[in-house]
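File shown here: final-v3.pdb, holding PDB, C-alpha atoms and all ligand atoms.
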ATOM      1  CA  MET A   1      75.209  96.632 102.759
ATOM      2  CA  PRO A   2      77.664  95.468 105.487
ATOM      3  CA  ASP A   3      76.183  93.941 108.662
ATOM      4  CA  ALA A   4      77.697  92.700 111.958
ATOM      5  CA  SER A   5      78.887  89.457 110.350
ATOM      6  CA  SER A   6      80.407  91.140 107.281
ATOM      7  CA  PRO A   7      84.122  90.499 106.874
ATOM      8  CA  LEU A   8      86.371  93.201 108.345
ATOM      9  CA  VAL A   9      89.475  91.668 106.783
ATOM     10  CA  ALA A  10      89.789  90.402 103.216
ATOM     11  CA  ILE A  11      92.589  87.892 102.737
ATOM     12  CA  VAL A  12      93.744  87.578  99.128
ATOM     13  CA  MET A  13      96.276  84.989  97.979
ATOM     14  CA  GLY A  14      97.842  84.725  94.556
ATOM     15  CA  SER A  15      97.343  80.982  94.200
ATOM     16  CA  GLU A  16      95.693  78.119  96.043
ATOM     17  CA  SER A  17      99.234  76.793  96.506
ATOM     18  CA  ASP A  18      99.791  79.684  98.955
ATOM     19  CA  LEU A  19      97.038  78.449 101.286
ATOM     20  CA  PRO A  20      99.173  76.461 103.777
ATOM     21  CA  LYS A  21     101.343  79.533 104.383
ATOM     22  CA  VAL A  22      98.338  81.881 104.604
ATOM     23  CA  THR A  23      96.357  79.761 107.061
ATOM     24  CA  PRO A  24      98.086  81.249 110.155
ATOM     25  CA  ALA A  25      96.508  84.624 109.304
ATOM     26  CA  MET A  26      93.056  83.042 109.254
ATOM     27  CA  GLU A  27      93.754  81.235 112.526
ATOM     28  CA  ALA A  28      94.883  84.451 114.238
ATOM     29  CA  LEU A  29      91.777  86.329 113.075
ATOM     30  CA  LYS A  30      89.506  83.454 114.082
ATOM     31  CA  ARG A  31      91.107  83.302 117.531
ATOM     32  CA  LEU A  32      90.479  87.035 117.957
ATOM     33  CA  GLY A  33      86.924  86.889 116.641
ATOM     34  CA  VAL A  34      87.584  89.082 113.620
ATOM     35  CA  PRO A  35      85.289  88.213 110.688
ATOM     36  CA  HIS A  36      87.206  87.717 107.493
ATOM     37  CA  ASP A  37      86.868  86.172 104.058
ATOM     38  CA  VAL A  38      89.322  84.613 101.661
ATOM     39  CA  HIS A  39      89.956  85.125  97.959
ATOM     40  CA  VAL A  40      92.294  83.660  95.343
ATOM     41  CA  ALA A  41      93.259  86.269  92.768
ATOM     42  CA  SER A  42      96.486  86.830  90.900
ATOM     43  CA  ALA A  43      98.031  90.136  89.889
ATOM     44  CA  HIS A  44      99.206  88.457  86.690
ATOM     45  CA  ARG A  45      96.760  85.633  85.929
ATOM     46  CA  THR A  46      93.498  87.364  86.957
ATOM     47  CA  PRO A  47      94.392  91.056  87.263
ATOM     48  CA  GLU A  48      90.816  92.299  86.665
ATOM     49  CA  ARG A  49      89.523  90.143  89.533
ATOM     50  CA  ALA A  50      92.278  91.376  91.866
ATOM     51  CA  ILE A  51      91.416  94.977  91.050
ATOM     52  CA  GLU A  52      87.701  94.284  91.555
ATOM     53  CA  ILE A  53      88.335  92.849  95.043
ATOM     54  CA  ALA A  54      90.282  95.954  96.051
ATOM     55  CA  ALA A  55      87.843  98.398  94.477
ATOM     56  CA  GLN A  56      84.795  96.825  96.158
ATOM     57  CA  ALA A  57      86.348  96.161  99.570
ATOM     58  CA  ARG A  58      85.437  99.410 101.344
ATOM     59  CA  ASP A  59      81.793  99.241 100.257
ATOM     60  CA  ARG A  60      81.643  95.650 101.567
ATOM     61  CA  GLY A  61      82.706  96.901 105.014
ATOM     62  CA  VAL A  62      86.272  95.571 104.804
ATOM     63  CA  ARG A  63      88.746  97.626 106.868
ATOM     64  CA  VAL A  64      92.056  95.882 106.143
ATOM     65  CA  ILE A  65      93.280  93.771 103.221
ATOM     66  CA  ILE A  66      95.935  91.069 103.597
ATOM     67  CA  ALA A  67      97.650  90.132 100.330
ATOM     68  CA  ALA A  68      99.874  87.042 100.139
ATOM     69  CA  ALA A  69     101.857  86.069  97.069
ATOM     70  CA  GLY A  70     105.137  84.512  96.049
ATOM     71  CA  GLY A  71     107.633  85.011  93.234
ATOM     72  CA  ALA A  72     107.258  88.290  91.356
ATOM     73  CA  ALA A  73     104.681  89.270  93.960
ATOM     74  CA  HIS A  74     102.753  92.260  92.680
ATOM     75  CA  LEU A  75      99.454  91.330  94.320
ATOM     76  CA  ALA A  76      99.710  93.567  97.385
ATOM     77  CA  GLY A  77     100.814  96.462  95.215
ATOM     78  CA  ILE A  78      98.007  96.165  92.700
ATOM     79  CA  LEU A  79      95.436  95.918  95.489
ATOM     80  CA  ALA A  80      96.943  98.947  97.241
ATOM     81  CA  ALA A  81      96.785 100.864  93.971
ATOM     82  CA  HIS A  82      92.998 100.370  93.848
ATOM     83  CA  THR A  83      91.978 101.180  97.431
ATOM     84  CA  THR A  84      92.891 103.523 100.268
ATOM     85  CA  LEU A  85      92.245 100.783 102.839
ATOM     86  CA  PRO A  86      95.425  99.596 104.578
ATOM     87  CA  VAL A  87      97.039  96.688 102.724
ATOM     88  CA  ILE A  88      99.317  94.253 104.550
ATOM     89  CA  GLY A  89     101.614  92.283 102.249
ATOM     90  CA  VAL A  90     102.810  88.773 103.041
ATOM     91  CA  PRO A  91     105.732  87.627 100.868
ATOM     92  CA  ILE A  92     105.403  83.871 100.350
ATOM     93  CA  SER A  93     108.492  81.681 100.054
ATOM     94  CA  SER A  94     108.647  79.657  96.848
ATOM     95  CA  GLY A  95     110.931  78.693  93.995
ATOM     96  CA  ALA A  96     114.595  79.391  93.418
ATOM     97  CA  LEU A  97     114.886  82.538  95.540
ATOM     98  CA  GLY A  98     113.066  81.263  98.617
ATOM     99  CA  GLY A  99     110.865  84.321  99.117
ATOM    100  CA  LEU A 100     113.457  87.067  98.754
ATOM    101  CA  ASP A 101     111.910  87.821  95.340
ATOM    102  CA  ALA A 102     108.454  88.152  96.899
ATOM    103  CA  LEU A 103     109.780  90.220  99.805
ATOM    104  CA  LEU A 104     111.394  92.799  97.539
ATOM    105  CA  SER A 105     108.445  92.847  95.119
ATOM    106  CA  THR A 106     106.038  93.461  98.001
ATOM    107  CA  VAL A 107     107.991  95.856 100.176
ATOM    108  CA  GLN A 108     109.570  98.157  97.601
ATOM    109  CA  MET A 109     106.469 100.184  96.794
ATOM    110  CA  PRO A 110     106.733 103.614  95.192
ATOM    111  CA  SER A 111     106.118 106.645  97.382
ATOM    112  CA  GLY A 112     102.406 107.361  97.673
ATOM    113  CA  VAL A 113     101.079 103.786  97.601
ATOM    114  CA  PRO A 114     102.114 102.035 100.832
ATOM    115  CA  VAL A 115     102.035  98.306 101.567
ATOM    116  CA  ALA A 116     102.766  97.304 105.177
ATOM    117  CA  THR A 117     104.957  94.273 104.579
ATOM    118  CA  VAL A 118     105.516  91.547 107.157
ATOM    119  CA  ALA A 119     108.239  88.899 107.120
ATOM    120  CA  ILE A 120     108.524  86.163 104.502
ATOM    121  CA  ASP A 121     105.750  83.681 105.394
ATOM    122  CA  GLY A 122     104.700  86.052 108.188
ATOM    123  CA  ALA A 123     100.970  85.444 107.762
ATOM    124  CA  ARG A 124     100.278  85.135 111.487
ATOM    125  CA  ASN A 125     101.706  88.589 112.108
ATOM    126  CA  ALA A 126      99.648  89.911 109.198
ATOM    127  CA  GLY A 127      96.515  88.623 110.897
ATOM    128  CA  LEU A 128      97.557  90.111 114.227
ATOM    129  CA  LEU A 129      98.457  93.454 112.640
ATOM    130  CA  ALA A 130      95.110  93.591 110.849
ATOM    131  CA  ALA A 131      93.389  92.953 114.184
ATOM    132  CA  GLN A 132      95.474  95.662 115.869
ATOM    133  CA  ILE A 133      94.468  98.176 113.197
ATOM    134  CA  ILE A 134      90.788  97.328 113.657
ATOM    135  CA  ALA A 135      91.199  97.396 117.455
ATOM    136  CA  ILE A 136      91.973 101.124 117.308
ATOM    137  CA  GLY A 137      88.199 101.584 117.256
ATOM    138  CA  ASP A 138      87.181  98.391 119.070
ATOM    139  CA  PRO A 139      88.035  98.223 122.813
ATOM    140  CA  ALA A 140      86.770  94.626 123.176
ATOM    141  CA  LEU A 141      89.112  93.474 120.404
ATOM    142  CA  ALA A 142      91.951  95.472 121.976
ATOM    143  CA  ALA A 143      91.312  93.583 125.234
ATOM    144  CA  ARG A 144      91.479  90.231 123.405
ATOM    145  CA  LEU A 145      94.777  91.262 121.833
ATOM    146  CA  ALA A 146      96.147  92.233 125.262
ATOM    147  CA  GLU A 147      95.098  88.829 126.629
ATOM    148  CA  LEU A 148      96.925  87.115 123.755
ATOM    149  CA  ARG A 149     100.084  89.057 124.657
ATOM    150  CA  ARG A 150      99.723  88.007 128.328
ATOM    151  CA  GLU A 151      99.382  84.354 127.273
ATOM    152  CA  MET A 152     102.491  84.662 125.100
ATOM    153  CA  ALA A 153     104.477  86.195 127.955
ATOM    154  CA  ALA A 154     103.306  83.455 130.336
ATOM    155  CA  ARG A 155     104.562  80.813 127.892
ATOM    156  CA  VAL A 156     108.000  82.460 127.728
ATOM    157  CA  ILE A 157     108.215  82.636 131.513
ATOM    158  CA  GLU A 158     107.154  78.993 131.764
ATOM    159  CA  SER A 159     109.757  78.017 129.144
ATOM    160  CA  GLU A 160     112.485  79.598 131.251
ATOM    161  CA  ALA A 161     111.425  77.493 134.210
ATOM    162  CA  HIS A 162     111.336  74.446 131.910
ATOM    163  CA  VAL A 163     114.866  75.117 130.649
ATOM    164  CA  ARG A 164     116.119  75.509 134.231
ATOM    165  CA  ARG A 165     114.528  72.168 135.140
ATOM    166  CA  GLY A 166     116.663  70.491 132.482
ATOM    167  CA  GLY A 167     114.965  71.162 129.154
ATOM    168  CA  PRO A 168     113.001  68.843 126.886
TER     169      PRO A 168
HETATM  170  C1  LIG A 201     102.442  83.442  92.818
HETATM  171  O1  LIG A 201     103.171  82.445  92.250
HETATM  172  C2  LIG A 201     101.545  82.782  93.817
HETATM  173  O2  LIG A 201     101.203  83.671  94.850
HETATM  174  C3  LIG A 201     102.357  81.630  94.314
HETATM  175  O3  LIG A 201     103.079  81.957  95.497
HETATM  176  C4  LIG A 201     103.353  81.409  93.199
HETATM  177  C5  LIG A 201     103.194  80.066  92.534
HETATM  178  O4  LIG A 201     101.856  79.907  92.110
HETATM  179  P1  LIG A 201     101.380  78.523  91.456
HETATM  180  O5  LIG A 201     102.189  78.328  90.204
HETATM  181  O6  LIG A 201     101.622  77.448  92.490
HETATM  182  O7  LIG A 201      99.901  78.689  91.178
HETATM  183  O8  LIG A 201     101.689  84.153  91.887
END
Is it possible to express this structure as structure tokens?
Ligand code: RP5
Amino acid sequence: MPDASSPLVAIVMGSESDLPKVTPAMEALKRLGVPHDVHVASAHRTPERAIEIAAQARDRGVRVIIAAAGGAAHLAGILAAHTTLPVIGVPISSGALGGLDALLSTVQMPSGVPVATVAIDGARNAGLLAAQIIAIGDPALAARLAELRREMAARVIESEAHVRRGGP
């Protein structure tokens, strides 16, 4: 039975080796106060476990799933096939093709089973997008997201002043 501390976002990565590139999603969710948990499950090496995570997510109170994988990245797709929760795919750069393989494997879903795919190694945006989806029904979270945008804008404005003063 979900309670107030139950994870709202489940982050799934295909391998522990993906962790450094997935961490920005965790940091974004932590900054915004969105409870989340983390799983390692592979569409190819542990397909039953990946399916189980997707199939159980809604009953655990999860509202959005983030799926990060590299190479022939079928993780987001297999999770999306086993839940109607929104799935955000993060293609991870690795190997000979530098993430283009993962991007195409993640983004090119068949009609009827969507995966919202962010940029290669775009885990931070995946975390922010998950928070924005949840904020549709959470005004306090929406306010924290708006504050984050104001901080970002202030940094850009400050950087312009810095550049005009002569740069680094
Ligand atoms: C993918 O293969 C994983 O998501 C990872 O990006 C890549 C390499 O995995 P390891 O061989 O490092 O476990 O399934």
Give as a PDB file with C-alpha atoms, keeping the file's coordinate frame the residues that the PyMOL selection byres (((not hetatm)) within 9 of (chain A and resi 201)) matches when applied to the coordinates above.
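Below is the file that was written, part.pdb:
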ATOM      1  CA  MET A  13      96.276  84.989  97.979  1.00  0.00           C
ATOM      2  CA  GLY A  14      97.842  84.725  94.556  1.00  0.00           C
ATOM      3  CA  SER A  15      97.343  80.982  94.200  1.00  0.00           C
ATOM      4  CA  GLU A  16      95.693  78.119  96.043  1.00  0.00           C
ATOM      5  CA  SER A  17      99.234  76.793  96.506  1.00  0.00           C
ATOM      6  CA  ASP A  18      99.791  79.684  98.955  1.00  0.00           C
ATOM      7  CA  VAL A  40      92.294  83.660  95.343  1.00  0.00           C
ATOM      8  CA  ALA A  41      93.259  86.269  92.768  1.00  0.00           C
ATOM      9  CA  SER A  42      96.486  86.830  90.900  1.00  0.00           C
ATOM     10  CA  ALA A  43      98.031  90.136  89.889  1.00  0.00           C
ATOM     11  CA  HIS A  44      99.206  88.457  86.690  1.00  0.00           C
ATOM     12  CA  ARG A  45      96.760  85.633  85.929  1.00  0.00           C
ATOM     13  CA  ALA A  68      99.874  87.042 100.139  1.00  0.00           C
ATOM     14  CA  ALA A  69     101.857  86.069  97.069  1.00  0.00           C
ATOM     15  CA  GLY A  70     105.137  84.512  96.049  1.00  0.00           C
ATOM     16  CA  GLY A  71     107.633  85.011  93.234  1.00  0.00           C
ATOM     17  CA  ALA A  72     107.258  88.290  91.356  1.00  0.00           C
ATOM     18  CA  ALA A  73     104.681  89.270  93.960  1.00  0.00           C
ATOM     19  CA  HIS A  74     102.753  92.260  92.680  1.00  0.00           C
ATOM     20  CA  LEU A  75      99.454  91.330  94.320  1.00  0.00           C
ATOM     21  CA  PRO A  91     105.732  87.627 100.868  1.00  0.00           C
ATOM     22  CA  ILE A  92     105.403  83.871 100.350  1.00  0.00           C
ATOM     23  CA  SER A  93     108.492  81.681 100.054  1.00  0.00           C
ATOM     24  CA  SER A  94     108.647  79.657  96.848  1.00  0.00           C
ATOM     25  CA  GLY A  95     110.931  78.693  93.995  1.00  0.00           C
ATOM     26  CA  GLY A  99     110.865  84.321  99.117  1.00  0.00           C
ATOM     27  CA  ALA A 102     108.454  88.152  96.899  1.00  0.00           C
TER      28      ALA A 102
END
Checklist line | d(atom CA of Ala116 of chain A, atom CA of Ile66 of chain A) in Å | finding: 9.4 Å
Next item on the list: Write out as a ChimeraX atom specification the residues lying within 10 Å of Ile133 of chain A, counting only C-alpha atoms and excluding same-chain residues fewer than 3 positions away.
Entry: /A:63-64,86,128-130,136-138,142
Residues just named, written with C-alpha atoms as a PDB file, in the frame of the given file:
ATOM      1  CA  ARG A  63      88.746  97.626 106.868  1.00  0.00           C
ATOM      2  CA  VAL A  64      92.056  95.882 106.143  1.00  0.00           C
ATOM      3  CA  PRO A  86      95.425  99.596 104.578  1.00  0.00           C
ATOM      4  CA  LEU A 128      97.557  90.111 114.227  1.00  0.00           C
ATOM      5  CA  LEU A 129      98.457  93.454 112.640  1.00  0.00           C
ATOM      6  CA  ALA A 130      95.110  93.591 110.849  1.00  0.00           C
ATOM      7  CA  ILE A 136      91.973 101.124 117.308  1.00  0.00           C
ATOM      8  CA  GLY A 137      88.199 101.584 117.256  1.00  0.00           C
ATOM      9  CA  ASP A 138      87.181  98.391 119.070  1.00  0.00           C
ATOM     10  CA  ALA A 142      91.951  95.472 121.976  1.00  0.00           C
TER      11      ALA A 142
END
Check: Given the choices A:Leu32, A:Ala154, A:Ala25, A:Ile120, which gets closest to Asp101 of chain A if the distance is worked out from all atoms listed in the file?
Finding: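 Answer, going by the shortest atom-to-atom distance: A:Ile120.
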Margin query: Would you compute the distance between atom CA of Val90 of chain A and atom CA of Val118 of chain A? Give it in Å to one decimal.
Written below: 5.7 Å
Notebook entry, point to check: Which residue gives the smallest distance to Ala131 of chain A among A:Arg60, A:His82, A:His36, A:Arg165, with all atoms listed in the file counted?
Noted result: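 Nearest to Ala131 of chain A: A:His36.
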Step by step, gather every atom of segment 71-80 of chain A that the file lists, find the box along x, y and z that holds them, add 5 Å on each side, and finally give centre and edge lengths in Å to one decimal, as JSON.
{"center_x": 101.5, "center_y": 92.0, "center_z": 94.4, "size_x": 22.2, "size_y": 23.9, "size_z": 16.0}
Next item on the list: Please provide the set of residues having any atom within 9 Å of Thr83 of chain A, restricted to only C-alpha atoms, with same-chain residues fewer than 4 positions apart removed, written as a list in words.
Entry: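 Selected residues are Ile51, Ala54, Ala55, Gln56, Ala57, Arg58, Leu79 and Val87 of chain A.
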Next item on the list: Report the distance between atom CA of Ala28 of chain A and atom CA of Ala119 of chain A in Å, rounded to one decimal place.
Entry: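 Answer for the atom CA of Ala28 of chain A to atom CA of Ala119 of chain A separation: 15.8 Å.
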Next item on the list: Go through A:Ala50, A:Leu85, A:Leu97, A:Val62 and flag the residue nearest Leu8 of chain A, using all atoms listed in the file for the distances.
Entry: A:Val62
Residues of segment 11-90 of chain A that have any atom at most 9 Å from an atom of segment 107-114 of chain A: could you tabulate them with the shortest-distance atom pair and the distance in Å to one decimal, using all atoms listed in the file, ordered by chain and increasing number, as a Markdown table?
| residue | atom | partner | partner_atom | distance |
| --- | --- | --- | --- | --- |
| A:Gly77 | CA | A:Met109 | CA | 7.0 |
| A:Ala80 | CA | A:Val113 | CA | 6.4 |
| A:Ala81 | CA | A:Val113 | CA | 6.3 |
| A:Thr84 | CA | A:Val113 | CA | 8.6 |
| A:Pro86 | CA | A:Pro114 | CA | 8.0 |
| A:Val87 | CA | A:Pro114 | CA | 7.6 |
| A:Gly89 | CA | A:Val107 | CA | 7.6 |
Check: Got a sec to check which residues sit within 7 Å of (92.9, 88.6, 100.2), counting all atoms listed in the file, and write them as a PyMOL selection string?
Finding: chain A and resi 10-13+38-40+65-67
Notebook entry, point to check: Using only C-alpha atoms, which residues sit within 12 Å of Gly33 of chain A once same-chain residues fewer than 2 positions away are excluded, as a ChimeraX atom specification?
Noted result: /A:4-5,7-9,26-31,35-36,127-128,131,134-135,138,140-145
Note to self: Since I can't run it myself right now, could you work out what the PyMOL selection byres (((chain A and resi 2) around 6) and not hetatm) selects here and report it as a list in words?
What the structure shows: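 With the shown file as input, the PyMOL selection byres (((chain A and resi 2) around 6) and not hetatm) matches Met1, Asp3, Ser6, Arg60 and Gly61 of chain A.
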Please rebuild segment 129-164 of chain A with N, CA and C atoms and give the result as a CSV table (one decimal), keeping the file's coordinate frame.
chain,number,residue,atom,x,y,z
A,129,LEU,N,98.4,92.0,113.0
A,129,LEU,CA,98.5,93.5,112.6
A,129,LEU,C,97.1,94.0,112.1
A,130,ALA,N,96.4,93.2,111.3
A,130,ALA,CA,95.1,93.6,110.8
A,130,ALA,C,94.2,93.8,112.0
A,131,ALA,N,94.2,92.8,113.0
A,131,ALA,CA,93.4,93.0,114.2
A,131,ALA,C,93.8,94.2,115.0
A,132,GLN,N,95.0,94.5,115.1
A,132,GLN,CA,95.5,95.7,115.9
A,132,GLN,C,95.0,96.9,115.2
A,133,ILE,N,95.0,97.0,113.9
A,133,ILE,CA,94.5,98.2,113.2
A,133,ILE,C,93.0,98.3,113.5
A,134,ILE,N,92.2,97.3,113.4
A,134,ILE,CA,90.8,97.3,113.7
A,134,ILE,C,90.5,97.7,115.1
A,135,ALA,N,91.4,97.2,116.0
A,135,ALA,CA,91.2,97.4,117.5
A,135,ALA,C,91.4,98.9,117.9
A,136,ILE,N,91.9,99.7,117.0
A,136,ILE,CA,92.0,101.1,117.3
A,136,ILE,C,90.6,101.6,117.7
A,137,GLY,N,89.6,101.1,117.0
A,137,GLY,CA,88.2,101.6,117.3
A,137,GLY,C,87.3,100.5,117.9
A,138,ASP,N,87.9,99.5,118.5
A,138,ASP,CA,87.2,98.4,119.1
A,138,ASP,C,87.8,98.0,120.4
A,139,PRO,N,87.4,98.5,121.5
A,139,PRO,CA,88.0,98.2,122.8
A,139,PRO,C,88.0,96.7,123.2
A,140,ALA,N,86.9,96.0,122.8
A,140,ALA,CA,86.8,94.6,123.2
A,140,ALA,C,87.8,93.8,122.4
A,141,LEU,N,88.1,94.2,121.2
A,141,LEU,CA,89.1,93.5,120.4
A,141,LEU,C,90.5,93.8,121.0
A,142,ALA,N,90.7,95.1,121.4
A,142,ALA,CA,92.0,95.5,122.0
A,142,ALA,C,92.2,94.6,123.2
A,143,ALA,N,91.2,94.4,124.0
A,143,ALA,CA,91.3,93.6,125.2
A,143,ALA,C,91.7,92.1,124.9
A,144,ARG,N,91.1,91.6,123.8
A,144,ARG,CA,91.5,90.2,123.4
A,144,ARG,C,92.9,90.2,122.9
A,145,LEU,N,93.4,91.2,122.3
A,145,LEU,CA,94.8,91.3,121.8
A,145,LEU,C,95.7,91.3,123.0
A,146,ALA,N,95.3,92.1,124.0
A,146,ALA,CA,96.1,92.2,125.3
A,146,ALA,C,96.2,90.9,126.0
A,147,GLU,N,95.1,90.2,126.0
A,147,GLU,CA,95.1,88.8,126.6
A,147,GLU,C,96.0,87.9,125.9
A,148,LEU,N,96.0,88.0,124.6
A,148,LEU,CA,96.9,87.1,123.8
A,148,LEU,C,98.4,87.4,124.1
A,149,ARG,N,98.7,88.7,124.3
A,149,ARG,CA,100.1,89.1,124.7
A,149,ARG,C,100.4,88.5,126.0
A,150,ARG,N,99.5,88.5,127.0
A,150,ARG,CA,99.7,88.0,128.3
A,150,ARG,C,100.0,86.5,128.3
A,151,GLU,N,99.2,85.8,127.4
A,151,GLU,CA,99.4,84.4,127.3
A,151,GLU,C,100.8,84.1,126.7
A,152,MET,N,101.2,84.9,125.7
A,152,MET,CA,102.5,84.7,125.1
A,152,MET,C,103.6,84.9,126.1
A,153,ALA,N,103.5,85.9,126.9
A,153,ALA,CA,104.5,86.2,128.0
A,153,ALA,C,104.5,85.1,129.0
A,154,ALA,N,103.3,84.5,129.3
A,154,ALA,CA,103.3,83.5,130.3
A,154,ALA,C,104.0,82.2,129.8
A,155,ARG,N,103.9,82.0,128.5
A,155,ARG,CA,104.6,80.8,127.9
A,155,ARG,C,106.1,81.0,127.9
A,156,VAL,N,106.6,82.2,127.7
A,156,VAL,CA,108.0,82.5,127.7
A,156,VAL,C,108.5,82.3,129.1
A,157,ILE,N,107.8,82.8,130.1
A,157,ILE,CA,108.2,82.6,131.5
A,157,ILE,C,108.2,81.2,131.9
A,158,GLU,N,107.2,80.4,131.5
A,158,GLU,CA,107.2,79.0,131.8
A,158,GLU,C,108.3,78.3,131.1
A,159,SER,N,108.7,78.7,129.9
A,159,SER,CA,109.8,78.0,129.1
A,159,SER,C,111.1,78.2,129.9
A,160,GLU,N,111.2,79.4,130.5
A,160,GLU,CA,112.5,79.6,131.3
A,160,GLU,C,112.6,78.6,132.4
A,161,ALA,N,111.5,78.5,133.1
A,161,ALA,CA,111.4,77.5,134.2
A,161,ALA,C,111.7,76.1,133.7
A,162,HIS,N,111.1,75.8,132.5
A,162,HIS,CA,111.3,74.4,131.9
A,162,HIS,C,112.8,74.2,131.6
A,163,VAL,N,113.4,75.2,131.0
A,163,VAL,CA,114.9,75.1,130.6
A,163,VAL,C,115.7,74.9,131.9
A,164,ARG,N,115.3,75.6,133.0
A,164,ARG,CA,116.1,75.5,134.2
A,164,ARG,C,115.9,74.1,134.9
